[in-house]
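**Q** My structure is stored as coords-v2.txt, with compact mmCIF, C-alpha atoms.
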# COMPACT_ATOMS: atom_id res chain seq x y z
CA MET U 1 0.00 0.00 0.00
CA GLN U 2 1.12 3.54 -0.75
CA LYS U 3 2.46 5.34 2.31
CA PHE U 4 0.36 8.34 3.24
CA CYS U 5 -0.08 11.28 5.57
CA ILE U 6 -3.37 12.57 6.93
CA THR U 7 -3.06 16.31 7.54
CA PHE U 8 -5.12 19.40 8.23
CA ALA U 9 -5.77 22.93 7.12
CA GLY U 10 -7.60 25.28 9.43
CA CYS U 11 -7.26 27.94 12.06
CA VAL U 12 -5.69 27.34 15.44
CA GLY U 13 -8.20 25.60 17.72
CA SER U 14 -10.45 24.31 14.94
CA SER U 15 -10.49 20.70 16.25
CA LYS U 16 -7.47 19.14 14.53
CA THR U 17 -6.30 17.31 17.65
CA PRO U 18 -9.65 15.69 18.53
CA ILE U 19 -9.98 14.49 14.93
CA SER U 20 -6.36 13.27 14.91
CA ASN U 21 -6.84 11.25 18.08
CA TYR U 22 -10.11 9.75 16.89
CA ILE U 23 -8.63 8.74 13.53
CA SER U 24 -5.50 7.38 15.20
CA THR U 25 -7.46 4.98 17.38
CA LYS U 26 -9.75 3.88 14.54
CA LEU U 27 -7.03 3.37 11.90
CA ASN U 28 -4.05 2.53 14.13
CA LEU U 29 -1.96 5.42 12.80
CA PRO U 30 0.71 7.27 14.78
CA ILE U 31 0.37 11.02 15.29
CA PHE U 32 3.05 13.61 14.60
CA ASN U 33 1.92 16.48 16.84
CA ASN U 34 3.56 19.88 16.53
CA ASP U 35 1.99 21.17 19.77
CA ALA U 36 3.43 18.23 21.75
CA ILE U 37 6.89 19.07 20.41
CA LEU U 38 6.37 22.72 21.36
CA SER U 39 5.38 21.67 24.91
CA GLU U 40 8.46 19.47 25.14
CA VAL U 41 10.76 22.33 24.12
CA ILE U 42 9.11 24.74 26.58
CA GLU U 43 9.35 22.17 29.38
CA ASN U 44 13.03 21.47 28.61
CA ARG U 45 14.05 25.11 28.17
CA GLY U 46 11.66 26.83 30.55
CA PHE U 47 10.53 29.15 27.76
CA TRP U 48 9.45 29.08 24.14
CA ASP U 49 12.56 28.90 21.98
CA ILE U 50 11.31 29.16 18.40
CA GLU U 51 14.64 28.13 16.88
CA GLU U 52 14.88 25.03 19.07
CA HIS U 53 11.23 24.17 18.42
CA THR U 54 11.76 24.42 14.65
CA LYS U 55 14.92 22.31 14.84
CA VAL U 56 13.33 19.57 16.96
CA ARG U 57 10.14 19.57 14.86
CA ASN U 58 12.04 19.28 11.58
CA ASN U 59 14.28 16.49 12.92
CA ARG U 60 11.30 14.53 14.23
CA LEU U 61 9.42 14.95 10.96
CA LYS U 62 12.47 13.71 9.05
CA GLU U 63 12.59 10.64 11.32
CA VAL U 64 8.93 9.89 10.58
CA LEU U 65 9.40 10.38 6.84
CA ASP U 66 12.58 8.27 6.85
CA SER U 67 10.65 5.45 8.53
CA GLY U 68 8.20 5.23 5.64
CA ILE U 69 5.20 4.67 7.91
CA SER U 70 1.83 6.21 7.23
CA PHE U 71 0.92 8.80 9.85
CA ILE U 72 -1.30 11.67 10.94
CA ALA U 73 0.27 15.14 10.94
CA ASP U 74 -1.59 17.00 13.68
CA VAL U 75 -0.39 20.36 12.46
CA SER U 76 -2.00 23.30 10.74
CA ILE U 77 -0.27 23.52 7.40
CA ASP U 78 -1.99 26.61 6.01
CA ARG U 79 1.20 28.70 5.93
CA GLU U 80 3.69 25.86 5.44
CA TRP U 81 1.91 23.62 2.96
CA GLU U 82 4.29 24.18 0.04
CA SER U 83 7.35 23.01 1.98
CA PHE U 84 5.43 20.26 3.80
CA ARG U 85 4.03 18.95 0.51
CA GLU U 86 7.52 19.00 -1.04
CA SER U 87 8.80 16.90 1.86
CA LEU U 88 5.97 14.40 1.49
CA LEU U 89 6.57 14.09 -2.24
CA ALA U 90 10.35 13.78 -1.80
CA TYR U 91 9.79 10.79 0.48
CA GLY U 92 7.17 9.19 -1.78
CA TYR U 93 4.12 9.98 0.34
CA THR U 94 0.64 10.85 -0.78
CA TRP U 95 -1.77 12.75 1.46
CA PHE U 96 -5.33 13.27 2.50
CA MET U 97 -6.08 16.73 3.82
CA ILE U 98 -9.01 17.71 6.02
CA SER U 99 -9.87 21.40 5.80
CA LEU U 100 -11.71 22.84 8.78
CA ASP U 101 -13.56 25.78 7.26
CA LEU U 102 -15.23 27.21 10.35
CA SER U 103 -16.93 30.57 10.68
CA LYS U 104 -15.59 33.36 12.84
CA GLY U 105 -18.57 32.96 15.16
CA LEU U 106 -17.94 29.27 15.79
CA LEU U 107 -14.19 29.80 16.20
CA MET U 108 -14.85 32.57 18.72
CA LYS U 109 -17.08 30.21 20.74
CA LEU U 110 -14.43 27.48 20.62
CA TYR U 111 -11.65 29.89 21.64
CA GLU U 112 -13.68 31.27 24.52
CA ALA U 113 -14.54 27.76 25.74
CA LYS U 114 -10.89 26.66 25.57
CA GLY U 115 -9.37 29.88 26.91
CA TYR U 116 -7.51 30.67 23.68
CA ASP U 117 -7.21 34.37 24.50
CA GLU U 118 -4.08 34.97 22.43
CA SER U 119 -5.51 33.19 19.38
CA LEU U 120 -8.74 35.16 19.76
CA LYS U 121 -6.72 38.36 19.33
CA ARG U 122 -5.25 37.00 16.08
CA LEU U 123 -8.44 35.41 14.74
CA ASP U 124 -8.86 37.72 11.73
CA THR U 125 -5.27 37.03 10.63
CA LEU U 126 -5.68 33.28 11.17
CA MET U 127 -8.88 33.27 9.11
CA GLN U 128 -7.21 35.25 6.32
CA ASP U 129 -4.30 32.78 6.28
CA HIS U 130 -6.79 29.93 5.87
CA GLU U 131 -8.70 31.72 3.10
CA SER U 132 -5.44 32.44 1.27
CA PHE U 133 -4.48 28.79 1.61
CA LEU U 134 -7.82 27.65 0.15
CA GLU U 135 -7.55 30.05 -2.78
CA LYS U 136 -4.18 28.57 -3.71
CA PHE U 137 -4.42 24.91 -2.70
CA SER U 138 -8.08 23.85 -2.63
CA ASP U 139 -7.30 21.01 -5.06
CA ASP U 140 -5.08 19.42 -2.38
CA VAL U 141 -7.98 19.12 0.09
CA GLY U 142 -9.77 15.78 0.43
CA VAL U 143 -12.72 16.92 2.53
CA HIS U 144 -14.04 20.24 3.82
CA ILE U 145 -15.78 20.44 7.19
CA GLY U 146 -17.75 23.58 8.01
CA ASP U 147 -20.03 24.76 10.77
CA ASP U 148 -22.94 22.58 9.62
CA GLN U 149 -20.82 19.43 9.85
CA PHE U 150 -18.84 20.37 12.97
CA PHE U 151 -20.64 18.10 15.43
CA ASP U 152 -20.20 15.16 13.02
CA ARG U 153 -16.57 16.06 12.20
CA LEU U 154 -15.04 12.88 13.66
CA GLU U 155 -17.19 10.50 11.65
CA ILE U 156 -17.06 12.63 8.50
CA ALA U 157 -13.27 12.65 8.65
CA LEU U 158 -13.08 8.91 9.32
CA ARG U 159 -15.52 7.97 6.54
CA SER U 160 -13.74 10.23 4.07
CA ILE U 161 -10.32 8.82 4.91
CA ARG U 162 -11.52 5.21 4.76
CA ALA U 163 -13.08 5.82 1.33
CA TRP U 164 -9.86 7.46 0.13
CA ILE U 165 -7.71 4.58 1.41
CA GLU U 166 -9.98 2.04 -0.28
CA SER U 167 -9.64 3.92 -3.58
CA MET U 168 -5.82 3.85 -3.49
Please, can you express the file's structure as structure tokens?

**A**
Amino acid sequence: MQKFCITFAGCVGSSKTPISNYISTKLNLPIFNNDAILSEVIENRGFWDIEEHTKVRNNRLKEVLDSGISFIADVSIDREWESFRESLLAYGYTWFMISLDLSKGLLMKLYEAKGYDESLKRLDTLMQDHESFLEKFSDDVGVHIGDDQFFDRLEIALRSIRAWIESM
């Protein structure tokens, strides 16, 4: 079977991690989680060191790609998709991307519920980044999930991925 990566486009806090964990348990796929690496760097250094985070993240991603295993990339690739896609292609991977196209109103509710105060301040920029991504790379998306599908997002993602895998 072709090695693959399940990945995400969408604003911070748009439910990538819950979907990743659900898919992981259903399809027995490991998760590459950027936020976990960030937490590790902060815990080790006592502060956020962006250079160290980038170095550790890139090394870990290379290890995953070198292994040739299929995996879930629990990262938001809106601003880094071109380089991430190049890496996947260089290692012979294909991908299935889930785009979380949520409204500002729903994102605000999610941010408030989760205490994402800093992200709330940047919400307009985050939404513009996602819109710009979609304008340029919509053909790379396997499934779009919006407000109307949000409460069924786990099953929609799983069904879409299973159908895609079966078609490979």

**Q** What's around Lys136 (chain U) at 12 Å? Count only C-alpha atoms, leave out sequence neighbours fewer than 4 positions away in its own chain, and write the answer as a list in words.

**A** Asp78, Arg79, Trp81, Glu82, Asp129, His130, Glu131, Ser132, Asp140 and Val141 of chain U

**Q** Rank U:Gly68, U:Gly115, U:Gly146, U:Gly46 by their smallest atom-to-atom distance to Ile98 (chain U), using all atoms listed in the file, and report the top residue only.

**A**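 Of all the options, U:Gly146 lies closest to Ile98 (chain U).
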
**Q** Pick from U:Thr54, U:Ser76, U:Ser138, U:Ser167: nearest to Ile37 (chain U), with all atoms listed in the file counted?

**A** U:Thr54

**Q** What lies within 12 Å of Ile156 (chain U) using only C-alpha atoms, ignoring chain neighbours under 4 positions off, as a PyMOL selection string?

**A** chain U and resi 19+22-23+98-100+142-146+148-152+160-163

**Q** Give me, as a VMD selection string, all polymer residues having an atom no more than 9 Å from region 108-111 of chain U, counting only C-alpha atoms and skipping those fewer than 4 positions away in the same chain.

**A** chain U and resid 12 to 15 103 to 104 115 to 117 119 to 120 123

**Q** CA of Cys5 (chain U) to CA of Asp101 (chain U): how many Å, to one decimal?

**A**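 Between CA of Cys5 (chain U) and CA of Asp101 (chain U) the gap works out to 19.9 Å.
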
**Q** Please write region 32-79 of chain U of the preceding block to a file containing N, CA and C atoms, as a PDB file, in the first residue's frame?

**A**
ATOM      1  N   PHE U  32       1.977  12.625  14.486  1.00  0.00           N
ATOM      2  CA  PHE U  32       3.055  13.609  14.600  1.00  0.00           C
ATOM      3  C   PHE U  32       2.374  14.899  15.032  1.00  0.00           C
ATOM      4  N   ASN U  33       2.648  15.342  16.280  1.00  0.00           N
ATOM      5  CA  ASN U  33       1.919  16.477  16.838  1.00  0.00           C
ATOM      6  C   ASN U  33       2.861  17.635  17.133  1.00  0.00           C
ATOM      7  N   ASN U  34       2.714  18.705  16.376  1.00  0.00           N
ATOM      8  CA  ASN U  34       3.555  19.882  16.531  1.00  0.00           C
ATOM      9  C   ASN U  34       3.416  20.511  17.917  1.00  0.00           C
ATOM     10  N   ASP U  35       2.204  20.563  18.456  1.00  0.00           N
ATOM     11  CA  ASP U  35       1.994  21.171  19.775  1.00  0.00           C
ATOM     12  C   ASP U  35       2.684  20.380  20.881  1.00  0.00           C
ATOM     13  N   ALA U  36       2.739  19.049  20.750  1.00  0.00           N
ATOM     14  CA  ALA U  36       3.434  18.234  21.747  1.00  0.00           C
ATOM     15  C   ALA U  36       4.931  18.530  21.722  1.00  0.00           C
ATOM     16  N   ILE U  37       5.470  18.727  20.534  1.00  0.00           N
ATOM     17  CA  ILE U  37       6.893  19.073  20.413  1.00  0.00           C
ATOM     18  C   ILE U  37       7.143  20.449  21.017  1.00  0.00           C
ATOM     19  N   LEU U  38       6.246  21.387  20.768  1.00  0.00           N
ATOM     20  CA  LEU U  38       6.371  22.722  21.363  1.00  0.00           C
ATOM     21  C   LEU U  38       6.358  22.630  22.890  1.00  0.00           C
ATOM     22  N   SER U  39       5.439  21.847  23.448  1.00  0.00           N
ATOM     23  CA  SER U  39       5.376  21.670  24.905  1.00  0.00           C
ATOM     24  C   SER U  39       6.672  21.073  25.437  1.00  0.00           C
ATOM     25  N   GLU U  40       7.200  20.097  24.729  1.00  0.00           N
ATOM     26  CA  GLU U  40       8.460  19.467  25.141  1.00  0.00           C
ATOM     27  C   GLU U  40       9.591  20.494  25.199  1.00  0.00           C
ATOM     28  N   VAL U  41       9.703  21.319  24.166  1.00  0.00           N
ATOM     29  CA  VAL U  41      10.762  22.331  24.120  1.00  0.00           C
ATOM     30  C   VAL U  41      10.592  23.337  25.259  1.00  0.00           C
ATOM     31  N   ILE U  42       9.367  23.788  25.485  1.00  0.00           N
ATOM     32  CA  ILE U  42       9.114  24.740  26.577  1.00  0.00           C
ATOM     33  C   ILE U  42       9.455  24.109  27.925  1.00  0.00           C
ATOM     34  N   GLU U  43       9.058  22.849  28.127  1.00  0.00           N
ATOM     35  CA  GLU U  43       9.353  22.167  29.385  1.00  0.00           C
ATOM     36  C   GLU U  43      10.859  21.994  29.580  1.00  0.00           C
ATOM     37  N   ASN U  44      11.582  21.676  28.513  1.00  0.00           N
ATOM     38  CA  ASN U  44      13.028  21.473  28.611  1.00  0.00           C
ATOM     39  C   ASN U  44      13.792  22.775  28.796  1.00  0.00           C
ATOM     40  N   ARG U  45      13.341  23.832  28.143  1.00  0.00           N
ATOM     41  CA  ARG U  45      14.053  25.109  28.172  1.00  0.00           C
ATOM     42  C   ARG U  45      13.526  26.078  29.233  1.00  0.00           C
ATOM     43  N   GLY U  46      12.273  25.894  29.615  1.00  0.00           N
ATOM     44  CA  GLY U  46      11.659  26.826  30.554  1.00  0.00           C
ATOM     45  C   GLY U  46      11.050  28.033  29.876  1.00  0.00           C
ATOM     46  N   PHE U  47      11.101  28.058  28.555  1.00  0.00           N
ATOM     47  CA  PHE U  47      10.532  29.155  27.762  1.00  0.00           C
ATOM     48  C   PHE U  47      10.383  28.663  26.322  1.00  0.00           C
ATOM     49  N   TRP U  48       9.641  29.434  25.539  1.00  0.00           N
ATOM     50  CA  TRP U  48       9.450  29.084  24.139  1.00  0.00           C
ATOM     51  C   TRP U  48      10.648  29.568  23.345  1.00  0.00           C
ATOM     52  N   ASP U  49      11.394  28.623  22.819  1.00  0.00           N
ATOM     53  CA  ASP U  49      12.560  28.896  21.982  1.00  0.00           C
ATOM     54  C   ASP U  49      12.188  28.483  20.564  1.00  0.00           C
ATOM     55  N   ILE U  50      11.827  29.462  19.740  1.00  0.00           N
ATOM     56  CA  ILE U  50      11.310  29.163  18.402  1.00  0.00           C
ATOM     57  C   ILE U  50      12.339  28.435  17.542  1.00  0.00           C
ATOM     58  N   GLU U  51      13.602  28.802  17.671  1.00  0.00           N
ATOM     59  CA  GLU U  51      14.636  28.129  16.875  1.00  0.00           C
ATOM     60  C   GLU U  51      14.780  26.665  17.284  1.00  0.00           C
ATOM     61  N   GLU U  52      14.779  26.412  18.587  1.00  0.00           N
ATOM     62  CA  GLU U  52      14.885  25.034  19.075  1.00  0.00           C
ATOM     63  C   GLU U  52      13.640  24.238  18.688  1.00  0.00           C
ATOM     64  N   HIS U  53      12.475  24.844  18.812  1.00  0.00           N
ATOM     65  CA  HIS U  53      11.234  24.168  18.422  1.00  0.00           C
ATOM     66  C   HIS U  53      11.284  23.777  16.951  1.00  0.00           C
ATOM     67  N   THR U  54      11.683  24.700  16.094  1.00  0.00           N
ATOM     68  CA  THR U  54      11.758  24.422  14.654  1.00  0.00           C
ATOM     69  C   THR U  54      12.753  23.298  14.375  1.00  0.00           C
ATOM     70  N   LYS U  55      13.895  23.335  15.035  1.00  0.00           N
ATOM     71  CA  LYS U  55      14.925  22.308  14.841  1.00  0.00           C
ATOM     72  C   LYS U  55      14.417  20.933  15.265  1.00  0.00           C
ATOM     73  N   VAL U  56      13.841  20.857  16.457  1.00  0.00           N
ATOM     74  CA  VAL U  56      13.333  19.573  16.959  1.00  0.00           C
ATOM     75  C   VAL U  56      12.201  19.069  16.069  1.00  0.00           C
ATOM     76  N   ARG U  57      11.265  19.960  15.719  1.00  0.00           N
ATOM     77  CA  ARG U  57      10.137  19.569  14.862  1.00  0.00           C
ATOM     78  C   ARG U  57      10.627  19.019  13.532  1.00  0.00           C
ATOM     79  N   ASN U  58      11.544  19.717  12.892  1.00  0.00           N
ATOM     80  CA  ASN U  58      12.040  19.278  11.585  1.00  0.00           C
ATOM     81  C   ASN U  58      12.783  17.949  11.676  1.00  0.00           C
ATOM     82  N   ASN U  59      13.572  17.762  12.737  1.00  0.00           N
ATOM     83  CA  ASN U  59      14.279  16.487  12.922  1.00  0.00           C
ATOM     84  C   ASN U  59      13.306  15.340  13.150  1.00  0.00           C
ATOM     85  N   ARG U  60      12.290  15.579  13.960  1.00  0.00           N
ATOM     86  CA  ARG U  60      11.295  14.528  14.226  1.00  0.00           C
ATOM     87  C   ARG U  60      10.507  14.185  12.963  1.00  0.00           C
ATOM     88  N   LEU U  61      10.141  15.208  12.200  1.00  0.00           N
ATOM     89  CA  LEU U  61       9.419  14.947  10.959  1.00  0.00           C
ATOM     90  C   LEU U  61      10.285  14.132  10.009  1.00  0.00           C
ATOM     91  N   LYS U  62      11.556  14.469   9.915  1.00  0.00           N
ATOM     92  CA  LYS U  62      12.470  13.709   9.052  1.00  0.00           C
ATOM     93  C   LYS U  62      12.538  12.249   9.497  1.00  0.00           C
ATOM     94  N   GLU U  63      12.579  12.015  10.805  1.00  0.00           N
ATOM     95  CA  GLU U  63      12.589  10.640  11.317  1.00  0.00           C
ATOM     96  C   GLU U  63      11.334   9.880  10.886  1.00  0.00           C
ATOM     97  N   VAL U  64      10.188  10.533  10.983  1.00  0.00           N
ATOM     98  CA  VAL U  64       8.931   9.893  10.576  1.00  0.00           C
ATOM     99  C   VAL U  64       8.958   9.595   9.080  1.00  0.00           C
ATOM    100  N   LEU U  65       9.358  10.567   8.288  1.00  0.00           N
ATOM    101  CA  LEU U  65       9.397  10.377   6.841  1.00  0.00           C
ATOM    102  C   LEU U  65      10.415   9.307   6.452  1.00  0.00           C
ATOM    103  N   ASP U  66      11.562   9.299   7.111  1.00  0.00           N
ATOM    104  CA  ASP U  66      12.575   8.268   6.848  1.00  0.00           C
ATOM    105  C   ASP U  66      12.052   6.871   7.149  1.00  0.00           C
ATOM    106  N   SER U  67      11.171   6.764   8.135  1.00  0.00           N
ATOM    107  CA  SER U  67      10.648   5.452   8.535  1.00  0.00           C
ATOM    108  C   SER U  67       9.727   4.852   7.476  1.00  0.00           C
ATOM    109  N   GLY U  68       9.099   5.709   6.682  1.00  0.00           N
ATOM    110  CA  GLY U  68       8.197   5.226   5.644  1.00  0.00           C
ATOM    111  C   GLY U  68       6.835   4.779   6.144  1.00  0.00           C
ATOM    112  N   ILE U  69       6.509   5.070   7.395  1.00  0.00           N
ATOM    113  CA  ILE U  69       5.203   4.668   7.914  1.00  0.00           C
ATOM    114  C   ILE U  69       4.149   5.721   7.569  1.00  0.00           C
ATOM    115  N   SER U  70       2.939   5.275   7.392  1.00  0.00           N
ATOM    116  CA  SER U  70       1.827   6.209   7.230  1.00  0.00           C
ATOM    117  C   SER U  70       1.546   6.835   8.588  1.00  0.00           C
ATOM    118  N   PHE U  71       1.097   8.090   8.590  1.00  0.00           N
ATOM    119  CA  PHE U  71       0.923   8.799   9.854  1.00  0.00           C
ATOM    120  C   PHE U  71      -0.063   9.945   9.713  1.00  0.00           C
ATOM    121  N   ILE U  72      -0.453  10.488  10.862  1.00  0.00           N
ATOM    122  CA  ILE U  72      -1.301  11.670  10.939  1.00  0.00           C
ATOM    123  C   ILE U  72      -0.419  12.836  11.347  1.00  0.00           C
ATOM    124  N   ALA U  73      -0.458  13.913  10.593  1.00  0.00           N
ATOM    125  CA  ALA U  73       0.269  15.135  10.943  1.00  0.00           C
ATOM    126  C   ALA U  73      -0.724  16.088  11.593  1.00  0.00           C
ATOM    127  N   ASP U  74      -0.710  16.109  12.917  1.00  0.00           N
ATOM    128  CA  ASP U  74      -1.591  16.997  13.677  1.00  0.00           C
ATOM    129  C   ASP U  74      -0.928  18.366  13.747  1.00  0.00           C
ATOM    130  N   VAL U  75      -0.964  19.025  12.623  1.00  0.00           N
ATOM    131  CA  VAL U  75      -0.385  20.360  12.461  1.00  0.00           C
ATOM    132  C   VAL U  75      -1.325  21.151  11.560  1.00  0.00           C
ATOM    133  N   SER U  76      -1.266  22.455  11.672  1.00  0.00           N
ATOM    134  CA  SER U  76      -1.997  23.298  10.738  1.00  0.00           C
ATOM    135  C   SER U  76      -1.013  23.725   9.670  1.00  0.00           C
ATOM    136  N   ILE U  77      -1.250  23.302   8.457  1.00  0.00           N
ATOM    137  CA  ILE U  77      -0.273  23.516   7.400  1.00  0.00           C
ATOM    138  C   ILE U  77      -0.615  24.690   6.483  1.00  0.00           C
ATOM    139  N   ASP U  78      -1.556  25.514   6.884  1.00  0.00           N
ATOM    140  CA  ASP U  78      -1.989  26.613   6.013  1.00  0.00           C
ATOM    141  C   ASP U  78      -0.825  27.448   5.485  1.00  0.00           C
ATOM    142  N   ARG U  79       0.105  27.831   6.349  1.00  0.00           N
ATOM    143  CA  ARG U  79       1.204  28.705   5.926  1.00  0.00           C
ATOM    144  C   ARG U  79       2.439  27.935   5.486  1.00  0.00           C
TER     145      ARG U  79
END
